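File shown: my_file_14.pdb. Contents: PDB, C-alpha atoms.
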```pdb
ATOM      1  CA  MET A   1     -11.391 -31.036   2.796  1.00  0.00           C
ATOM      2  CA  SER A   2     -11.861 -27.304   3.219  1.00  0.00           C
ATOM      3  CA  GLU A   3     -10.881 -24.924   0.450  1.00  0.00           C
ATOM      4  CA  GLN A   4      -7.244 -23.892   0.504  1.00  0.00           C
ATOM      5  CA  HIS A   5      -5.882 -20.429  -0.209  1.00  0.00           C
ATOM      6  CA  LYS A   6      -2.296 -19.804  -1.200  1.00  0.00           C
ATOM      7  CA  ILE A   7      -0.980 -16.385  -0.224  1.00  0.00           C
ATOM      8  CA  ALA A   8       2.231 -15.092  -1.763  1.00  0.00           C
ATOM      9  CA  ALA A   9       4.641 -13.449   0.685  1.00  0.00           C
ATOM     10  CA  VAL A  10       8.189 -12.141   0.432  1.00  0.00           C
ATOM     11  CA  PHE A  11       9.306 -15.142   2.483  1.00  0.00           C
ATOM     12  CA  GLY A  12       7.409 -17.698   0.378  1.00  0.00           C
ATOM     13  CA  THR A  13       3.915 -19.013  -0.213  1.00  0.00           C
ATOM     14  CA  VAL A  14       1.642 -19.600   2.776  1.00  0.00           C
ATOM     15  CA  THR A  15      -1.253 -22.057   2.511  1.00  0.00           C
ATOM     16  CA  ILE A  16      -4.347 -21.186   4.545  1.00  0.00           C
ATOM     17  CA  ARG A  17      -7.056 -23.783   5.117  1.00  0.00           C
ATOM     18  CA  ARG A  18     -10.145 -23.562   7.288  1.00  0.00           C
ATOM     19  CA  ALA A  19     -10.134 -26.437   9.772  1.00  0.00           C
ATOM     20  CA  SER A  20     -13.047 -28.865   9.502  1.00  0.00           C
ATOM     21  CA  THR A  21     -15.422 -29.648  12.342  1.00  0.00           C
ATOM     22  CA  GLU A  22     -13.802 -33.067  12.736  1.00  0.00           C
ATOM     23  CA  GLU A  23     -10.486 -31.410  13.587  1.00  0.00           C
ATOM     24  CA  ILE A  24     -11.939 -29.284  16.392  1.00  0.00           C
ATOM     25  CA  THR A  25     -12.332 -30.586  19.947  1.00  0.00           C
ATOM     26  CA  GLU A  26     -15.840 -31.147  21.271  1.00  0.00           C
ATOM     27  CA  HIS A  27     -15.117 -28.757  24.146  1.00  0.00           C
ATOM     28  CA  ARG A  28     -14.220 -25.965  21.725  1.00  0.00           C
ATOM     29  CA  LEU A  29     -17.290 -26.540  19.588  1.00  0.00           C
ATOM     30  CA  ARG A  30     -19.549 -26.497  22.627  1.00  0.00           C
ATOM     31  CA  PHE A  31     -18.270 -23.368  24.326  1.00  0.00           C
ATOM     32  CA  TRP A  32     -17.002 -21.329  21.347  1.00  0.00           C
ATOM     33  CA  PRO A  33     -19.224 -22.300  18.402  1.00  0.00           C
ATOM     34  CA  TRP A  34     -18.620 -18.906  16.771  1.00  0.00           C
ATOM     35  CA  ARG A  35     -14.837 -19.453  16.561  1.00  0.00           C
ATOM     36  CA  THR A  36     -13.215 -20.185  13.191  1.00  0.00           C
ATOM     37  CA  THR A  37      -9.893 -22.004  13.021  1.00  0.00           C
ATOM     38  CA  TYR A  38      -7.436 -21.809  10.154  1.00  0.00           C
ATOM     39  CA  ALA A  39      -4.501 -24.135   9.535  1.00  0.00           C
ATOM     40  CA  LEU A  40      -1.373 -22.486   8.128  1.00  0.00           C
ATOM     41  CA  SER A  41       1.627 -24.032   6.433  1.00  0.00           C
ATOM     42  CA  GLY A  42       4.555 -22.718   4.446  1.00  0.00           C
ATOM     43  CA  ARG A  43       8.250 -22.058   4.652  1.00  0.00           C
ATOM     44  CA  GLY A  44       8.880 -21.338   8.329  1.00  0.00           C
ATOM     45  CA  VAL A  45       5.132 -21.155   9.022  1.00  0.00           C
ATOM     46  CA  GLU A  46       3.188 -23.921  10.757  1.00  0.00           C
ATOM     47  CA  GLY A  47       0.157 -23.977  13.043  1.00  0.00           C
ATOM     48  CA  HIS A  48      -3.293 -22.537  13.589  1.00  0.00           C
ATOM     49  CA  VAL A  49      -4.984 -19.175  14.079  1.00  0.00           C
ATOM     50  CA  ASN A  50      -8.405 -18.720  15.713  1.00  0.00           C
ATOM     51  CA  ILE A  51     -10.779 -15.873  14.879  1.00  0.00           C
ATOM     52  CA  ASP A  52     -13.808 -14.759  16.913  1.00  0.00           C
ATOM     53  CA  PRO A  53     -16.343 -12.025  16.153  1.00  0.00           C
ATOM     54  CA  LEU A  54     -16.053  -9.077  18.521  1.00  0.00           C
ATOM     55  CA  PHE A  55     -18.274  -6.139  19.389  1.00  0.00           C
ATOM     56  CA  ALA A  56     -16.554  -2.748  19.296  1.00  0.00           C
ATOM     57  CA  ASP A  57     -18.616  -1.207  22.081  1.00  0.00           C
ATOM     58  CA  THR A  58     -17.612   2.309  23.100  1.00  0.00           C
ATOM     59  CA  LYS A  59     -17.649   4.109  26.441  1.00  0.00           C
ATOM     60  CA  CYS A  60     -19.066   7.637  26.620  1.00  0.00           C
ATOM     61  CA  ALA A  61     -18.122   9.510  29.790  1.00  0.00           C
ATOM     62  CA  ASP A  62     -20.124  12.411  31.166  1.00  0.00           C
ATOM     63  CA  LEU A  63     -19.108  14.554  34.129  1.00  0.00           C
ATOM     64  CA  PHE A  64     -22.536  14.353  35.772  1.00  0.00           C
ATOM     65  CA  LEU A  65     -23.851  10.979  34.562  1.00  0.00           C
ATOM     66  CA  PRO A  66     -22.730   7.335  34.799  1.00  0.00           C
ATOM     67  CA  THR A  67     -20.487   6.193  31.964  1.00  0.00           C
ATOM     68  CA  GLU A  68     -22.587   5.010  29.043  1.00  0.00           C
ATOM     69  CA  THR A  69     -21.757   1.867  27.067  1.00  0.00           C
ATOM     70  CA  VAL A  70     -22.895   2.319  23.466  1.00  0.00           C
ATOM     71  CA  ARG A  71     -23.487  -1.248  22.316  1.00  0.00           C
ATOM     72  CA  GLU A  72     -23.268  -2.520  18.754  1.00  0.00           C
ATOM     73  CA  LEU A  73     -25.971  -4.762  17.333  1.00  0.00           C
ATOM     74  CA  VAL A  74     -23.551  -6.440  14.925  1.00  0.00           C
ATOM     75  CA  PRO A  75     -19.856  -7.185  15.656  1.00  0.00           C
ATOM     76  CA  SER A  76     -17.463  -4.949  13.739  1.00  0.00           C
ATOM     77  CA  ARG A  77     -14.131  -6.316  14.958  1.00  0.00           C
ATOM     78  CA  PHE A  78     -12.263  -9.621  15.111  1.00  0.00           C
ATOM     79  CA  ALA A  79     -10.541 -11.121  18.128  1.00  0.00           C
ATOM     80  CA  VAL A  80      -7.515 -13.120  16.988  1.00  0.00           C
ATOM     81  CA  HIS A  81      -6.185 -15.887  19.220  1.00  0.00           C
ATOM     82  CA  VAL A  82      -2.585 -16.914  18.666  1.00  0.00           C
ATOM     83  CA  GLY A  83      -0.460 -18.617  21.289  1.00  0.00           C
ATOM     84  CA  ARG A  84      -0.840 -20.701  24.434  1.00  0.00           C
ATOM     85  CA  TYR A  85      -1.376 -19.106  27.821  1.00  0.00           C
ATOM     86  CA  GLY A  86      -0.314 -20.982  30.929  1.00  0.00           C
ATOM     87  CA  SER A  87       0.277 -24.720  30.939  1.00  0.00           C
ATOM     88  CA  LYS A  88      -2.959 -25.891  29.323  1.00  0.00           C
ATOM     89  CA  GLN A  89      -2.324 -29.159  27.506  1.00  0.00           C
ATOM     90  CA  THR A  90      -4.062 -32.391  26.606  1.00  0.00           C
ATOM     91  CA  ILE A  91      -4.004 -35.365  28.906  1.00  0.00           C
ATOM     92  CA  ASN A  92      -0.962 -36.822  27.128  1.00  0.00           C
ATOM     93  CA  GLY A  93       1.028 -33.617  27.644  1.00  0.00           C
ATOM     94  CA  SER A  94       0.938 -32.298  24.073  1.00  0.00           C
ATOM     95  CA  PRO A  95      -0.747 -29.047  23.033  1.00  0.00           C
ATOM     96  CA  VAL A  96      -3.997 -29.036  21.106  1.00  0.00           C
ATOM     97  CA  ARG A  97      -2.820 -27.797  17.725  1.00  0.00           C
ATOM     98  CA  THR A  98      -6.116 -26.176  16.812  1.00  0.00           C
ATOM     99  CA  ASP A  99      -6.046 -24.088  19.998  1.00  0.00           C
ATOM    100  CA  GLY A 100      -4.000 -21.475  18.152  1.00  0.00           C
ATOM    101  CA  VAL A 101      -0.437 -22.797  18.366  1.00  0.00           C
ATOM    102  CA  LEU A 102       1.482 -20.971  15.640  1.00  0.00           C
ATOM    103  CA  THR A 103       5.210 -21.310  15.029  1.00  0.00           C
ATOM    104  CA  ILE A 104       7.167 -18.901  12.860  1.00  0.00           C
ATOM    105  CA  ASP A 105      10.727 -19.938  12.003  1.00  0.00           C
ATOM    106  CA  GLY A 106      10.605 -22.435  14.865  1.00  0.00           C
ATOM    107  CA  VAL A 107       9.403 -19.845  17.395  1.00  0.00           C
ATOM    108  CA  GLU A 108       6.038 -20.329  19.109  1.00  0.00           C
ATOM    109  CA  THR A 109       4.411 -16.932  18.821  1.00  0.00           C
ATOM    110  CA  LEU A 110       2.060 -15.217  21.213  1.00  0.00           C
ATOM    111  CA  CYS A 111      -0.302 -12.292  20.525  1.00  0.00           C
ATOM    112  CA  THR A 112      -2.073 -11.198  23.689  1.00  0.00           C
ATOM    113  CA  GLY A 113      -5.536  -9.618  23.424  1.00  0.00           C
ATOM    114  CA  LEU A 114      -5.256  -9.021  19.688  1.00  0.00           C
ATOM    115  CA  GLU A 115      -8.269  -7.174  18.263  1.00  0.00           C
ATOM    116  CA  LEU A 116      -8.502  -5.917  14.682  1.00  0.00           C
ATOM    117  CA  ASP A 117     -11.125  -3.793  12.966  1.00  0.00           C
ATOM    118  CA  ARG A 118     -12.775  -5.288   9.931  1.00  0.00           C
ATOM    119  CA  GLY A 119     -12.075  -3.948   6.479  1.00  0.00           C
ATOM    120  CA  GLY A 120      -8.285  -4.157   6.409  1.00  0.00           C
ATOM    121  CA  ASP A 121      -6.923  -2.985   9.757  1.00  0.00           C
ATOM    122  CA  ALA A 122      -3.234  -2.321   9.093  1.00  0.00           C
ATOM    123  CA  ARG A 123      -2.171  -1.228  12.578  1.00  0.00           C
ATOM    124  CA  GLU A 124       0.990  -2.722  14.021  1.00  0.00           C
ATOM    125  CA  PHE A 125       0.518  -5.125  16.925  1.00  0.00           C
ATOM    126  CA  THR A 126       2.830  -6.730  19.435  1.00  0.00           C
ATOM    127  CA  VAL A 127       4.179 -10.216  18.795  1.00  0.00           C
ATOM    128  CA  GLN A 128       5.921 -12.176  21.545  1.00  0.00           C
ATOM    129  CA  ARG A 129       7.536 -15.581  21.739  1.00  0.00           C
ATOM    130  CA  ARG A 130       6.504 -18.157  24.284  1.00  0.00           C
ATOM    131  CA  THR A 131       9.433 -19.161  26.484  1.00  0.00           C
ATOM    132  CA  GLY A 132       7.572 -21.315  29.016  1.00  0.00           C
ATOM    133  CA  PRO A 133       4.143 -22.153  30.449  1.00  0.00           C
ATOM    134  CA  TRP A 134       3.900 -18.759  32.127  1.00  0.00           C
ATOM    135  CA  THR A 135       6.698 -16.763  30.503  1.00  0.00           C
ATOM    136  CA  HIS A 136       7.232 -14.918  27.251  1.00  0.00           C
ATOM    137  CA  ALA A 137       9.637 -12.455  25.650  1.00  0.00           C
ATOM    138  CA  GLU A 138       9.659 -10.044  22.742  1.00  0.00           C
ATOM    139  CA  ALA A 139       9.874 -11.730  19.362  1.00  0.00           C
ATOM    140  CA  SER A 140      12.573 -10.754  16.884  1.00  0.00           C
ATOM    141  CA  ALA A 141      11.698  -8.136  14.274  1.00  0.00           C
ATOM    142  CA  LEU A 142      11.675 -10.775  11.506  1.00  0.00           C
ATOM    143  CA  VAL A 143       9.412 -13.182  13.405  1.00  0.00           C
ATOM    144  CA  ALA A 144       7.089 -10.299  14.336  1.00  0.00           C
ATOM    145  CA  ALA A 145       6.876  -9.111  10.726  1.00  0.00           C
ATOM    146  CA  LYS A 146       6.131 -12.621   9.445  1.00  0.00           C
ATOM    147  CA  THR A 147       3.512 -13.191  12.140  1.00  0.00           C
ATOM    148  CA  GLN A 148       1.755  -9.920  11.365  1.00  0.00           C
ATOM    149  CA  HIS A 149       1.770 -10.739   7.666  1.00  0.00           C
ATOM    150  CA  VAL A 150       0.246 -14.195   8.006  1.00  0.00           C
ATOM    151  CA  ILE A 151      -2.376 -13.061  10.541  1.00  0.00           C
ATOM    152  CA  ARG A 152      -3.517 -10.285   8.220  1.00  0.00           C
ATOM    153  CA  ALA A 153      -3.642 -12.837   5.387  1.00  0.00           C
ATOM    154  CA  VAL A 154      -5.859 -15.107   7.508  1.00  0.00           C
ATOM    155  CA  ILE A 155      -8.155 -12.172   8.336  1.00  0.00           C
ATOM    156  CA  GLN A 156      -8.398 -11.341   4.642  1.00  0.00           C
ATOM    157  CA  VAL A 157      -9.347 -14.914   3.739  1.00  0.00           C
ATOM    158  CA  HIS A 158     -11.842 -15.100   6.597  1.00  0.00           C
ATOM    159  CA  GLU A 159     -13.522 -11.766   5.859  1.00  0.00           C
ATOM    160  CA  ALA A 160     -13.891 -12.641   2.169  1.00  0.00           C
ATOM    161  CA  ASP A 161     -16.321 -15.424   3.150  1.00  0.00           C
ATOM    162  CA  GLU A 162     -19.250 -13.156   3.980  1.00  0.00           C
ATOM    163  CA  ALA A 163     -21.663 -16.040   4.591  1.00  0.00           C
ATOM    164  CA  LEU A 164     -19.318 -17.597   7.153  1.00  0.00           C
ATOM    165  CA  VAL A 165     -18.646 -14.282   8.888  1.00  0.00           C
ATOM    166  CA  GLY A 166     -22.365 -13.537   9.065  1.00  0.00           C
ATOM    167  CA  ARG A 167     -23.138 -16.958  10.508  1.00  0.00           C
ATOM    168  CA  MET A 168     -20.454 -16.618  13.165  1.00  0.00           C
ATOM    169  CA  ASP A 169     -21.663 -13.101  14.016  1.00  0.00           C
ATOM    170  CA  ARG A 170     -25.168 -14.421  14.629  1.00  0.00           C
ATOM    171  CA  LEU A 171     -23.891 -17.274  16.791  1.00  0.00           C
ATOM    172  CA  TYR A 172     -21.769 -14.854  18.805  1.00  0.00           C
ATOM    173  CA  ALA A 173     -24.572 -12.311  19.242  1.00  0.00           C
ATOM    174  CA  ARG A 174     -26.994 -15.031  20.307  1.00  0.00           C
ATOM    175  CA  GLY A 175     -24.519 -16.387  22.844  1.00  0.00           C
ATOM    176  CA  ALA A 176     -23.606 -12.987  24.281  1.00  0.00           C
ATOM    177  CA  LYS A 177     -26.439 -13.002  26.812  1.00  0.00           C
ATOM    178  CA  TRP A 178     -24.370 -10.937  29.238  1.00  0.00           C
ATOM    179  CA  ARG A 179     -24.754  -7.951  26.909  1.00  0.00           C
ATOM    180  CA  ARG A 180     -28.540  -7.854  27.300  1.00  0.00           C
ATOM    181  CA  LYS A 181     -28.199  -8.342  31.049  1.00  0.00           C
ATOM    182  CA  GLY A 182     -25.713  -5.461  31.225  1.00  0.00           C
ATOM    183  CA  ALA A 183     -27.970  -3.242  29.112  1.00  0.00           C
ATOM    184  CA  LEU A 184     -30.934  -3.954  31.397  1.00  0.00           C
ATOM    185  CA  GLN A 185     -28.864  -3.062  34.457  1.00  0.00           C
ATOM    186  CA  ASP A 186     -27.740   0.178  32.811  1.00  0.00           C
ATOM    187  CA  LEU A 187     -31.337   0.986  31.850  1.00  0.00           C
ATOM    188  CA  ARG A 188     -32.588   0.473  35.417  1.00  0.00           C
ATOM    189  CA  GLN A 189     -29.841   2.750  36.718  1.00  0.00           C
ATOM    190  CA  ILE A 190     -30.694   5.466  34.201  1.00  0.00           C
ATOM    191  CA  GLU A 191     -34.440   5.130  34.843  1.00  0.00           C
ATOM    192  CA  GLU A 192     -33.854   5.531  38.583  1.00  0.00           C
ATOM    193  CA  LEU A 193     -31.659   8.528  37.905  1.00  0.00           C
ATOM    194  CA  SER A 194     -34.254   9.938  35.511  1.00  0.00           C
ATOM    195  CA  THR A 195     -36.987   9.599  38.170  1.00  0.00           C
ATOM    196  CA  THR A 196     -34.775  11.363  40.718  1.00  0.00           C
ATOM    197  CA  LEU A 197     -34.035  14.180  38.269  1.00  0.00           C
ATOM    198  CA  GLN A 198     -37.708  14.553  37.359  1.00  0.00           C
ATOM    199  CA  GLN A 199     -38.653  14.783  41.033  1.00  0.00           C
ATOM    200  CA  ARG A 200     -35.951  17.383  41.600  1.00  0.00           C
ATOM    201  CA  ALA A 201     -37.097  19.344  38.554  1.00  0.00           C
ATOM    202  CA  GLU A 202     -40.702  19.252  39.796  1.00  0.00           C
ATOM    203  CA  ARG A 203     -39.663  20.589  43.206  1.00  0.00           C
ATOM    204  CA  LEU A 204     -37.790  23.430  41.512  1.00  0.00           C
ATOM    205  CA  ARG A 205     -40.772  24.245  39.255  1.00  0.00           C
ATOM    206  CA  SER A 206     -43.068  24.227  42.287  1.00  0.00           C
ATOM    207  CA  TYR A 207     -40.746  26.514  44.219  1.00  0.00           C
ATOM    208  CA  LEU A 208     -40.423  28.944  41.320  1.00  0.00           C
ATOM    209  CA  ALA A 209     -44.192  29.000  40.735  1.00  0.00           C
ATOM    210  CA  GLU A 210     -44.935  29.615  44.415  1.00  0.00           C
ATOM    211  CA  SER A 211     -42.151  32.215  44.623  1.00  0.00           C
ATOM    212  CA  ASP A 212     -43.570  34.079  41.618  1.00  0.00           C
ATOM    213  CA  ALA A 213     -47.075  33.922  43.096  1.00  0.00           C
ATOM    214  CA  MET A 214     -45.801  35.296  46.402  1.00  0.00           C
ATOM    215  CA  ALA A 215     -43.948  38.101  44.623  1.00  0.00           C
ATOM    216  CA  HIS A 216     -47.100  39.030  42.703  1.00  0.00           C
ATOM    217  CA  SER A 217     -49.108  39.026  45.949  1.00  0.00           C
ATOM    218  CA  VAL A 218     -46.612  41.374  47.630  1.00  0.00           C
ATOM    219  CA  ASP A 219     -46.693  43.686  44.621  1.00  0.00           C
ATOM    220  CA  ALA A 220     -50.493  43.712  44.684  1.00  0.00           C
ATOM    221  CA  ASP A 221     -50.592  44.574  48.407  1.00  0.00           C
ATOM    222  CA  SER A 222     -48.080  47.353  47.835  1.00  0.00           C
ATOM    223  CA  ASP A 223     -50.135  48.818  44.989  1.00  0.00           C
ATOM    224  CA  ALA A 224     -53.300  48.619  47.108  1.00  0.00           C
ATOM    225  CA  ARG A 225     -51.698  50.571  49.988  1.00  0.00           C
ATOM    226  CA  LYS A 226     -50.470  53.261  47.580  1.00  0.00           C
ATOM    227  CA  ALA A 227     -53.955  53.642  46.222  1.00  0.00           C
TER     228      ALA A 227
END
```
Transcribe the structure of this file into structure tokens.
Amino acid sequence: MSEQHKIAAVFGTVTIRRASTEEITEHRLRFWPWRTTYALSGRGVEGHVNIDPLFADTKCADLFLPTETVRELVPSRFAVHVGRYGSKQTINGSPVRTDGVLTIDGVETLCTGLELDRGGDAREFTVQRRTGPWTHAEASALVAAKTQHVIRAVIQVHEADEALVGRMDRLYARGAKWRRKGALQDLRQIEELSTTLQQRAERLRSYLAESDAMAHSVDADSDARKA
């Protein structure tokens, strides 16, 4: 059994346990090997939270150049998956618990596109409640506060295991082949642009050199006539 962590909260103690490989579906392990799943239990808290590494790439816009994507070598954020989207279920009609189904005070919570910086990101984030396969609504303030608290606690437990985080980062970076493909495409575009700019610069240098030579020739002719 994985090591358990008990986190004290104002609403009671929450137990956080990393799910074992045996608890994870083969499909999940095959397509998201870098994902870590935590099982949560406590008063009014039951379910699972999934954590993925995430690159915090930035976009740099320039008025005269294509937008540049500055890519990280090592992920510096976490993507947190909480809640079911759509009607995805197992063949017997029940949800896969380790897919990130988390209930707070009996409410199935939903956090869409949740990304958190590493090192104790304390920003507020939106928490919703799932009302149907394709519908959701705003969660109550109490449910939202509890959800934010337990998710931050899971992040804290996860980030404290540096060996695990490093291993998942390497798996994620190795599997993110689209990043290298995108970088190569960007490089080709910039190299083509660089060639075009160099050719334009050379034409301008040639024009200026010939223009200066012509001006000197005219000046020389003028001086010769005066003499």
>> Give me the residues near A:Leu102 as a list in words, where near means some atom within 9 Å (using only C-alpha atoms) and where sequence neighbours in that chain fewer than 6 positions away do not count.
In response: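 Residues meeting the cut-off are Leu40, Val45, Glu46, Gly47, His48, Val49, Val82, Gly83, Glu108, Thr109, Leu110 and Thr147 of chain A.
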Write the residues of the selection above to a file with C-alpha atoms, as an mmCIF file, in the coordinates of the input.
```cif
data_model
loop_
_atom_site.group_PDB
_atom_site.id
_atom_site.type_symbol
_atom_site.label_atom_id
_atom_site.label_comp_id
_atom_site.auth_asym_id
_atom_site.auth_seq_id
_atom_site.Cartn_x
_atom_site.Cartn_y
_atom_site.Cartn_z
ATOM 1 C CA LEU A 40 -1.373 -22.486 8.128
ATOM 2 C CA VAL A 45 5.132 -21.155 9.022
ATOM 3 C CA GLU A 46 3.188 -23.921 10.757
ATOM 4 C CA GLY A 47 0.157 -23.977 13.043
ATOM 5 C CA HIS A 48 -3.293 -22.537 13.589
ATOM 6 C CA VAL A 49 -4.984 -19.175 14.079
ATOM 7 C CA VAL A 82 -2.585 -16.914 18.666
ATOM 8 C CA GLY A 83 -0.460 -18.617 21.289
ATOM 9 C CA GLU A 108 6.038 -20.329 19.109
ATOM 10 C CA THR A 109 4.411 -16.932 18.821
ATOM 11 C CA LEU A 110 2.060 -15.217 21.213
ATOM 12 C CA THR A 147 3.512 -13.191 12.140
#
```
>> Running the PyMOL selection byres ((chain A and resi 58) around 12) on this model by hand, what would come out? Give it as number ranges by chain.
In response: A: 55-57, 59-61, 67-72, 76
>> Which residue is closest to A:Arg30? Choose from A:Leu73, A:Ile16, A:Leu208, A:Leu171 and count all atoms listed in the file.
In response: A:Leu171
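Here atom CA of A:Gly106 stands at a distance of 25.7 Å from atom CA of A:Asp52.
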>> Under the rule that all atoms listed in the file are counted, which of A:Leu204, A:His149, A:Arg130, A:Glu26 is the nearest residue to A:Thr13?
In response: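 Counting all atoms listed in the file, the residue closest to A:Thr13 is A:His149.
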> What's the 12 Å shell around A:Ala137, counting all atoms listed in the file, without same-chain residues fewer than 2 positions away, as a list in words?
Replying inline: Val107, Glu108, Thr109, Leu110, Cys111, Thr112, Thr126, Val127, Gln128, Arg129, Arg130, Thr131, Gly132, Trp134, Thr135, Ala139, Ser140 and Ala144 of chain A
Taking C-alpha atoms for each residue, export the selection above as a compact mmCIF listing (two decimals), in the frame of the given file.
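The resulting selection_28.txt:
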```
# COMPACT_ATOMS: atom_id res chain seq x y z
CA VAL A 107 9.40 -19.84 17.40
CA GLU A 108 6.04 -20.33 19.11
CA THR A 109 4.41 -16.93 18.82
CA LEU A 110 2.06 -15.22 21.21
CA CYS A 111 -0.30 -12.29 20.52
CA THR A 112 -2.07 -11.20 23.69
CA THR A 126 2.83 -6.73 19.43
CA VAL A 127 4.18 -10.22 18.80
CA GLN A 128 5.92 -12.18 21.54
CA ARG A 129 7.54 -15.58 21.74
CA ARG A 130 6.50 -18.16 24.28
CA THR A 131 9.43 -19.16 26.48
CA GLY A 132 7.57 -21.32 29.02
CA TRP A 134 3.90 -18.76 32.13
CA THR A 135 6.70 -16.76 30.50
CA ALA A 139 9.87 -11.73 19.36
CA SER A 140 12.57 -10.75 16.88
CA ALA A 144 7.09 -10.30 14.34
```
> Out of A:Trp178, A:Tyr207, A:Phe11, A:Tyr38, which residue has the shortest atom-to-atom distance to A:His81 when counting all atoms listed in the file?
Replying inline: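 That would be A:Tyr38, the residue with the smallest distance to A:His81.
Every residue within 10 Å of the file position (-9.7, -21.2, 17.6), judged by only C-alpha atoms, is given as Ala19, Ile24, Arg28, Leu29, Trp32, Pro33, Trp34, Arg35, Thr36, Thr37, Tyr38, His48, Val49, Asn50, Ile51, Asp52, Val80, His81, Val82, Arg97, Thr98, Asp99, Gly100 and Val101 of chain A.
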> Counting only C-alpha atoms, which of A:Pro66, A:Pro53, A:Gly44, A:Gly175 gets nearest to A:His158?
Replying inline: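 For A:His158, the nearest of the given residues is A:Pro53.
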> A:Gly120, A:Gly42, A:Gly166, A:Pro133: which is nearest A:Tyr85, counting only C-alpha atoms?
Replying inline: A:Pro133
> What is the distance, in Å and to one decimal place, between atom CA of A:Ala160 and atom CA of A:Lys177?
Replying inline: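 One can read the atom CA of A:Ala160 to atom CA of A:Lys177 distance as 27.7 Å.
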> Taking the file as shown, what set of residues would the PyMOL selection byres ((chain A and resi 156) around 12) give back, as a PyMOL selection string?
Replying inline: chain A and resi 5-7+16+38+51+78+116-122+149-155+157-162+165
>> Please report the interatomic distance between atom CA of A:Asp62 and atom CA of A:Glu202 in Å with one decimal.
In response: 23.3 Å
> Hey, which of A:Gly182, A:Ser194, A:Met214, A:Phe125 ends up closest to A:Ala141? Count all atoms listed in the file.
Replying inline: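 Using all atoms listed in the file, the shortest distance to A:Ala141 belongs to A:Phe125.
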Give the padded box for stretch 118-131 of chain A as lines of an AutoDock Vina configuration file: axis-aligned, covering all atoms listed in the file, 8 Å on each side, centre and edge lengths in Å to one decimal.
```
center_x = -1.7
center_y = -10.2
center_z = 16.4
size_x = 38.2
size_y = 33.9
size_z = 36.1
```
With the input short on atoms, add all heavy atoms back to stretch 32-36 of chain A and write it as a tab-separated table (two decimals), in the coordinates of the input.
```
chain	number	residue	atom	x	y	z
A	32	TRP	N	-17.34	-22.42	22.27
A	32	TRP	CA	-17.00	-21.33	21.35
A	32	TRP	C	-17.45	-21.69	19.93
A	32	TRP	O	-16.64	-21.77	19.00
A	32	TRP	CB	-15.50	-21.04	21.36
A	32	TRP	CG	-15.01	-20.52	22.66
A	32	TRP	CD1	-15.04	-19.23	23.11
A	32	TRP	CD2	-14.41	-21.29	23.72
A	32	TRP	NE1	-14.50	-19.15	24.37
A	32	TRP	CE2	-14.10	-20.39	24.78
A	32	TRP	CE3	-14.09	-22.64	23.88
A	32	TRP	CZ2	-13.51	-20.81	25.96
A	32	TRP	CZ3	-13.51	-23.07	25.06
A	32	TRP	CH2	-13.22	-22.16	26.08
A	33	PRO	N	-18.75	-21.88	19.73
A	33	PRO	CA	-19.22	-22.30	18.40
A	33	PRO	C	-19.02	-21.24	17.33
A	33	PRO	O	-19.11	-21.54	16.13
A	33	PRO	CB	-20.71	-22.57	18.64
A	33	PRO	CG	-21.07	-21.71	19.81
A	33	PRO	CD	-19.85	-21.72	20.69
A	34	TRP	N	-18.79	-20.00	17.73
A	34	TRP	CA	-18.62	-18.91	16.77
A	34	TRP	C	-17.15	-18.74	16.35
A	34	TRP	O	-16.83	-17.88	15.55
A	34	TRP	CB	-19.09	-17.60	17.41
A	34	TRP	CG	-18.49	-17.37	18.78
A	34	TRP	CD1	-17.22	-16.93	19.06
A	34	TRP	CD2	-19.11	-17.63	20.04
A	34	TRP	NE1	-17.02	-16.88	20.42
A	34	TRP	CE2	-18.17	-17.32	21.05
A	34	TRP	CE3	-20.37	-18.09	20.40
A	34	TRP	CZ2	-18.46	-17.45	22.40
A	34	TRP	CZ3	-20.65	-18.21	21.75
A	34	TRP	CH2	-19.71	-17.90	22.74
A	35	ARG	N	-16.27	-19.57	16.86
A	35	ARG	CA	-14.84	-19.45	16.56
A	35	ARG	C	-14.48	-20.20	15.28
A	35	ARG	O	-14.92	-21.33	15.06
A	35	ARG	CB	-14.01	-19.99	17.72
A	35	ARG	CG	-12.51	-19.93	17.52
A	35	ARG	CD	-11.76	-20.19	18.81
A	35	ARG	NE	-12.02	-19.09	19.75
A	35	ARG	CZ	-11.57	-19.08	21.01
A	35	ARG	NH1	-10.85	-20.10	21.47
A	35	ARG	NH2	-11.82	-18.05	21.79
A	36	THR	N	-13.68	-19.56	14.43
A	36	THR	CA	-13.22	-20.18	13.19
A	36	THR	C	-11.71	-20.43	13.29
A	36	THR	O	-10.97	-19.53	13.69
A	36	THR	CB	-13.52	-19.29	11.97
A	36	THR	OG1	-14.90	-18.93	11.97
A	36	THR	CG2	-13.20	-20.02	10.68
```
